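Accompanying notes for the structure given below.
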Amino acid sequence: MSPRPARRHRFPVSLRSDPVAWHRQRPTWREASPALIAAALKQAQGRPTGNWYVLGPSSAVRADSAFGATVGGREIVAWRGGDGALVAGPGACPHLGAALAQAPVHRGTLICPWHGLALSGAPFAGWSPHPAHDDGVLAWVRLDDYGGEPPLDTPAVPLRPPAATSLATVYTGTGTCEPEDIVANRLDPWHGAWFHPYSFVDLSVLDVGADSGVLTVRVSFKVAPRVVVPVTAEFTAPGPRTVVMRIVEGEGAGSVVETHATPLGTDRDGRPRTRVVEAVVASSGRPGFAVARAAAPLLRPLVRRAAGRLWRDDLAYAERRWELRGTGRFPG
């Protein structure tokens, strides 16, 4: 779905002359209907994925060393081939099972650190590669035996601002929950100003998207106690493990925040673990944004830190939701 044409704001920042105290905000619990959130989650779970899973940031997969990840209890190793393309496959050496996530890469060939077995990315000695995709921001792997869906050639990557005029940052975090708990958190925008008062104020849901599947929210990002940036954003769930927030009006129109939930498998106590991989792809038509892009190495850690603060709370939300579901006490 293409974003709506954005209405330009001459002054992106607003001064709140009389900030509302946290405890005096308008309660949103009546609007945040458990049945409504559950219906949106069910819609998302019915959409196809083609068996694609996010491994992590594209930048984390390098040409000189392997990148290790886990999806559904399966060890995955990824690296860059001789042409720079993403290569992925089983994370255990076919010789004696060494962890290939610790392997060096030489001229596009992964070399097992135990006995020097070399893997070019082609099938060899029982080792076969998995389909992999690099969208320029995130690295993906396709696991047909685990996903069990009809496969797709490429993952459904959300529409993003052009790479040449945007700034991309990726945050990763892990929680004790399932992907649906992460997605349900993101399909509940009503908690934003209550649970994250340090970041959001003046939040209202304009459209619950019962027919369109698009949640439309008006919210202000807090820059300082009295300084905010008001925007209108749309939330969509293109699949059971992804939620996309797109700014459609206000400063940064066209910018997106993609939240992807990758199941890792269970821990030693049998509890599910899920990795959050959140890509922030920011864009702006203002001349000053070119300066921000030039300062990307300095800005990216700040963006990740802000995302980490939000996800410290939201992972607690998702973990609590999983615990309640396990005891049958969750109302959704």
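Letters A, B, ... mark the chains of the structure tokens in the order given; residue numbers begin at 1 per chain; ligand numbers begin at 1, in order shown.
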
Exercise. Hey, what's within 12 Å of Pro123 (chain A) if we count only C-alpha atoms and toss same-chain stuff fewer than 5 positions away? As JSON, numbers by chain, please?
Worked result: {"A": [87, 88, 89, 90, 94, 118, 128, 129, 130]}

Please produce a file of the residues just selected, as a compact mmCIF listing (two decimals), in the first residue's frame, where the atoms kept are C-alpha atoms.
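See part.txt below for the written result:
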# COMPACT_ATOMS: atom_id res chain seq x y z
CA VAL A 87 25.22 -16.29 1.93
CA ALA A 88 23.46 -18.27 4.68
CA GLY A 89 23.26 -21.88 5.73
CA PRO A 90 23.35 -24.31 8.67
CA PRO A 94 29.31 -30.94 8.36
CA ALA A 118 36.14 -24.53 3.37
CA SER A 128 23.47 -26.93 1.79
CA PRO A 129 22.82 -23.18 1.75
CA HIS A 130 19.51 -21.59 2.66

For this session: Apply DSSP to the structure's backbone, then extract all residues of region 152-310 of chain A labelled helix (DSSP H, G or I) and return them as a PyMOL selection string.
Result: chain A and resi 163-165+179-186+189-195+289-294+296-310

Keeping only N, CA, C and O atoms, write the selected residues to a file as a compact mmCIF listing (two decimals), in the first residue's frame.
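File again-v3.txt, as written:
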# COMPACT_ATOMS: atom_id res chain seq x y z
N ALA A 163 17.14 4.91 -0.21
CA ALA A 163 18.35 4.80 0.60
C ALA A 163 19.25 6.02 0.47
O ALA A 163 19.92 6.41 1.43
N ALA A 164 19.24 6.65 -0.72
CA ALA A 164 20.13 7.78 -0.97
C ALA A 164 19.74 9.02 -0.18
O ALA A 164 20.55 9.93 0.00
N THR A 165 18.50 9.06 0.32
CA THR A 165 18.03 10.26 1.03
C THR A 165 17.51 9.93 2.42
O THR A 165 16.77 10.73 3.00
N PRO A 179 6.71 -14.48 19.12
CA PRO A 179 6.54 -13.36 18.20
C PRO A 179 5.19 -12.67 18.30
O PRO A 179 5.09 -11.45 18.17
N GLU A 180 4.12 -13.43 18.56
CA GLU A 180 2.80 -12.81 18.63
C GLU A 180 2.70 -11.80 19.77
O GLU A 180 1.95 -10.83 19.70
N ASP A 181 3.50 -11.98 20.83
CA ASP A 181 3.48 -11.03 21.94
C ASP A 181 4.14 -9.71 21.56
O ASP A 181 3.71 -8.65 21.98
N ILE A 182 5.16 -9.79 20.73
CA ILE A 182 5.81 -8.59 20.21
C ILE A 182 4.86 -7.84 19.28
O ILE A 182 4.70 -6.62 19.36
N VAL A 183 4.22 -8.59 18.38
CA VAL A 183 3.31 -7.98 17.41
C VAL A 183 2.11 -7.37 18.13
O VAL A 183 1.65 -6.26 17.80
N ALA A 184 1.57 -8.07 19.13
CA ALA A 184 0.43 -7.54 19.87
C ALA A 184 0.79 -6.24 20.57
O ALA A 184 -0.04 -5.32 20.65
N ASN A 185 2.00 -6.14 21.06
CA ASN A 185 2.45 -4.89 21.68
C ASN A 185 2.38 -3.74 20.69
O ASN A 185 1.90 -2.64 21.02
N ARG A 186 2.85 -3.98 19.49
CA ARG A 186 2.87 -2.92 18.48
C ARG A 186 1.47 -2.62 17.93
O ARG A 186 1.23 -1.52 17.44
N PRO A 189 -1.30 0.74 20.07
CA PRO A 189 -0.69 2.07 20.20
C PRO A 189 -1.24 2.86 21.39
O PRO A 189 -0.63 3.84 21.81
N TRP A 190 -2.37 2.43 21.94
CA TRP A 190 -3.00 3.17 23.04
C TRP A 190 -2.12 3.25 24.29
O TRP A 190 -2.30 4.11 25.13
N HIS A 191 -1.16 2.34 24.40
CA HIS A 191 -0.32 2.35 25.60
C HIS A 191 0.81 3.37 25.51
O HIS A 191 1.49 3.64 26.51
N GLY A 192 1.01 3.96 24.34
CA GLY A 192 2.20 4.78 24.09
C GLY A 192 2.46 5.88 25.10
O GLY A 192 3.52 5.94 25.72
N ALA A 193 1.51 6.81 25.26
CA ALA A 193 1.74 7.96 26.13
C ALA A 193 1.68 7.58 27.61
O ALA A 193 2.25 8.28 28.45
N TRP A 194 1.03 6.46 27.95
CA TRP A 194 0.97 6.02 29.34
C TRP A 194 2.23 5.26 29.72
O TRP A 194 2.84 5.52 30.77
N PHE A 195 2.63 4.32 28.89
CA PHE A 195 3.75 3.45 29.22
C PHE A 195 5.10 4.07 28.88
O PHE A 195 6.12 3.71 29.46
N PHE A 289 18.45 17.97 6.88
CA PHE A 289 18.54 16.52 7.03
C PHE A 289 19.80 15.97 6.37
O PHE A 289 20.31 14.93 6.79
N ALA A 290 20.31 16.66 5.35
CA ALA A 290 21.56 16.24 4.72
C ALA A 290 22.71 16.27 5.72
O ALA A 290 23.61 15.42 5.69
N VAL A 291 22.66 17.24 6.64
CA VAL A 291 23.67 17.31 7.69
C VAL A 291 23.54 16.11 8.62
O VAL A 291 24.52 15.51 9.05
N ALA A 292 22.28 15.77 8.94
CA ALA A 292 22.03 14.62 9.81
C ALA A 292 22.56 13.34 9.16
O ALA A 292 23.16 12.50 9.84
N ARG A 293 22.35 13.18 7.87
CA ARG A 293 22.83 11.99 7.18
C ARG A 293 24.35 11.94 7.20
O ARG A 293 24.95 10.87 7.34
N ALA A 294 24.99 13.11 7.06
CA ALA A 294 26.44 13.15 7.11
C ALA A 294 26.98 12.77 8.48
O ALA A 294 28.09 12.23 8.61
N ALA A 296 25.66 10.47 10.36
CA ALA A 296 25.04 9.18 10.66
C ALA A 296 25.84 8.34 11.66
O ALA A 296 25.25 7.74 12.56
N PRO A 297 27.17 8.26 11.56
CA PRO A 297 27.90 7.44 12.54
C PRO A 297 27.71 7.90 13.99
O PRO A 297 27.79 7.10 14.92
N LEU A 298 27.46 9.19 14.18
CA LEU A 298 27.23 9.72 15.52
C LEU A 298 25.77 9.56 15.94
O LEU A 298 25.47 9.34 17.12
N LEU A 299 24.85 9.67 14.96
CA LEU A 299 23.42 9.62 15.27
C LEU A 299 22.91 8.21 15.51
O LEU A 299 22.00 8.00 16.32
N ARG A 300 23.44 7.23 14.79
CA ARG A 300 22.91 5.88 14.91
C ARG A 300 22.96 5.34 16.35
O ARG A 300 21.97 4.75 16.81
N PRO A 301 24.05 5.50 17.09
CA PRO A 301 24.03 5.03 18.48
C PRO A 301 22.96 5.72 19.32
O PRO A 301 22.38 5.10 20.22
N LEU A 302 22.69 7.00 19.05
CA LEU A 302 21.66 7.72 19.80
C LEU A 302 20.27 7.17 19.50
O LEU A 302 19.44 7.01 20.39
N VAL A 303 20.03 6.86 18.21
CA VAL A 303 18.73 6.29 17.81
C VAL A 303 18.56 4.91 18.43
O VAL A 303 17.49 4.57 18.94
N ARG A 304 19.63 4.11 18.40
CA ARG A 304 19.54 2.77 19.00
C ARG A 304 19.31 2.86 20.51
O ARG A 304 18.57 2.05 21.08
N ARG A 305 19.92 3.85 21.15
CA ARG A 305 19.73 4.01 22.59
C ARG A 305 18.27 4.37 22.90
O ARG A 305 17.68 3.85 23.84
N ALA A 306 17.70 5.25 22.08
CA ALA A 306 16.30 5.62 22.29
C ALA A 306 15.38 4.42 22.07
O ALA A 306 14.44 4.20 22.83
N ALA A 307 15.66 3.64 21.02
CA ALA A 307 14.86 2.44 20.76
C ALA A 307 15.03 1.44 21.89
O ALA A 307 14.07 0.77 22.30
N GLY A 308 16.24 1.33 22.41
CA GLY A 308 16.50 0.40 23.51
C GLY A 308 15.72 0.77 24.76
O GLY A 308 15.25 -0.12 25.49
N ARG A 309 15.56 2.08 25.02
CA ARG A 309 14.80 2.49 26.19
C ARG A 309 13.33 2.11 26.04
O ARG A 309 12.70 1.60 26.98
N LEU A 310 12.78 2.31 24.83
CA LEU A 310 11.40 1.91 24.58
C LEU A 310 11.23 0.40 24.70
O LEU A 310 10.27 -0.08 25.32

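With only C-alpha atoms as the atoms that count, the minimum distance from Arg286 (chain A) to the choices A:Asp211, A:Asp145, A:Glu251, A:Asp313 is reached by A:Glu251.
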
For this session: Determine which residues of region 15-205 of chain A receive a DSSP assignment of strand (DSSP E or B), computed from the backbone, and state them as a PyMOL selection string.
Result: chain A and resi 15+52-57+65+67-71+74-80+86-90+92+99+104-106+109-111+118-119+124+127+130+132-134+138-142+166-175+200-205

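Considering only C-alpha atoms, the residue among A:Trp29, A:Trp114, A:Trp140, A:Phe221 positioned nearest to Thr262 (chain A) is A:Trp140.
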
Exercise. Do you know which residues are at most 12 Å from Arg273 (chain A) counting only C-alpha atoms, after dropping those on the same chain fewer than 4 positions away, and could you put them as a PyMOL selection string?
Worked result: chain A and resi 70-73+173-182+261-269+315+318-319+322

For this session: Show which residues sit within 12 Å of Ala156 (chain A), as an NGL selection string. Count only C-alpha atoms, and ignore same-chain residues fewer than 3 positions away.
Result: :A and (1 or 47-54 or 133-135 or 138 or 140 or 142 or 151-153 or 159-160 or 237-244 or 258 or 260)

Exercise. Interatomic distance between CA of Gly91 (chain A) and CA of Ala103 (chain A)?
Worked result: 10.0 Å

Problem set entry | Best match for closeness to Arg218 (chain A) among A:Ala122, A:Asp188, A:Glu249, A:Gly254, counting only C-alpha atoms | A:Glu249

Problem set entry | Between CA of Tyr171 (chain A) and CA of Val277 (chain A) - distance in Å to one decimal | 5.8 Å

Seminar exercise, completed: Nearest to Gly209 (chain A), restricted to only C-alpha atoms and choosing among A:Val20, A:Ala40, A:Ala32, A:Val77, comes out as A:Ala40

For this session: Show which residues sit within 12 Å of Gly81 (chain A), as number ranges by chain. Count only C-alpha atoms, and ignore same-chain residues fewer than 5 positions away.
Result: A: 61-66, 86-88, 105-110, 119-122, 132

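Take the candidates A:Val157, A:Ala210, A:Ala85, A:Leu167 and check each one against Ala39 (chain A) using only C-alpha atoms; the shortest distance goes to A:Ala210.
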
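We find CA of Gly326 (chain A) and CA of Val208 (chain A) to be spaced 27.6 Å apart.
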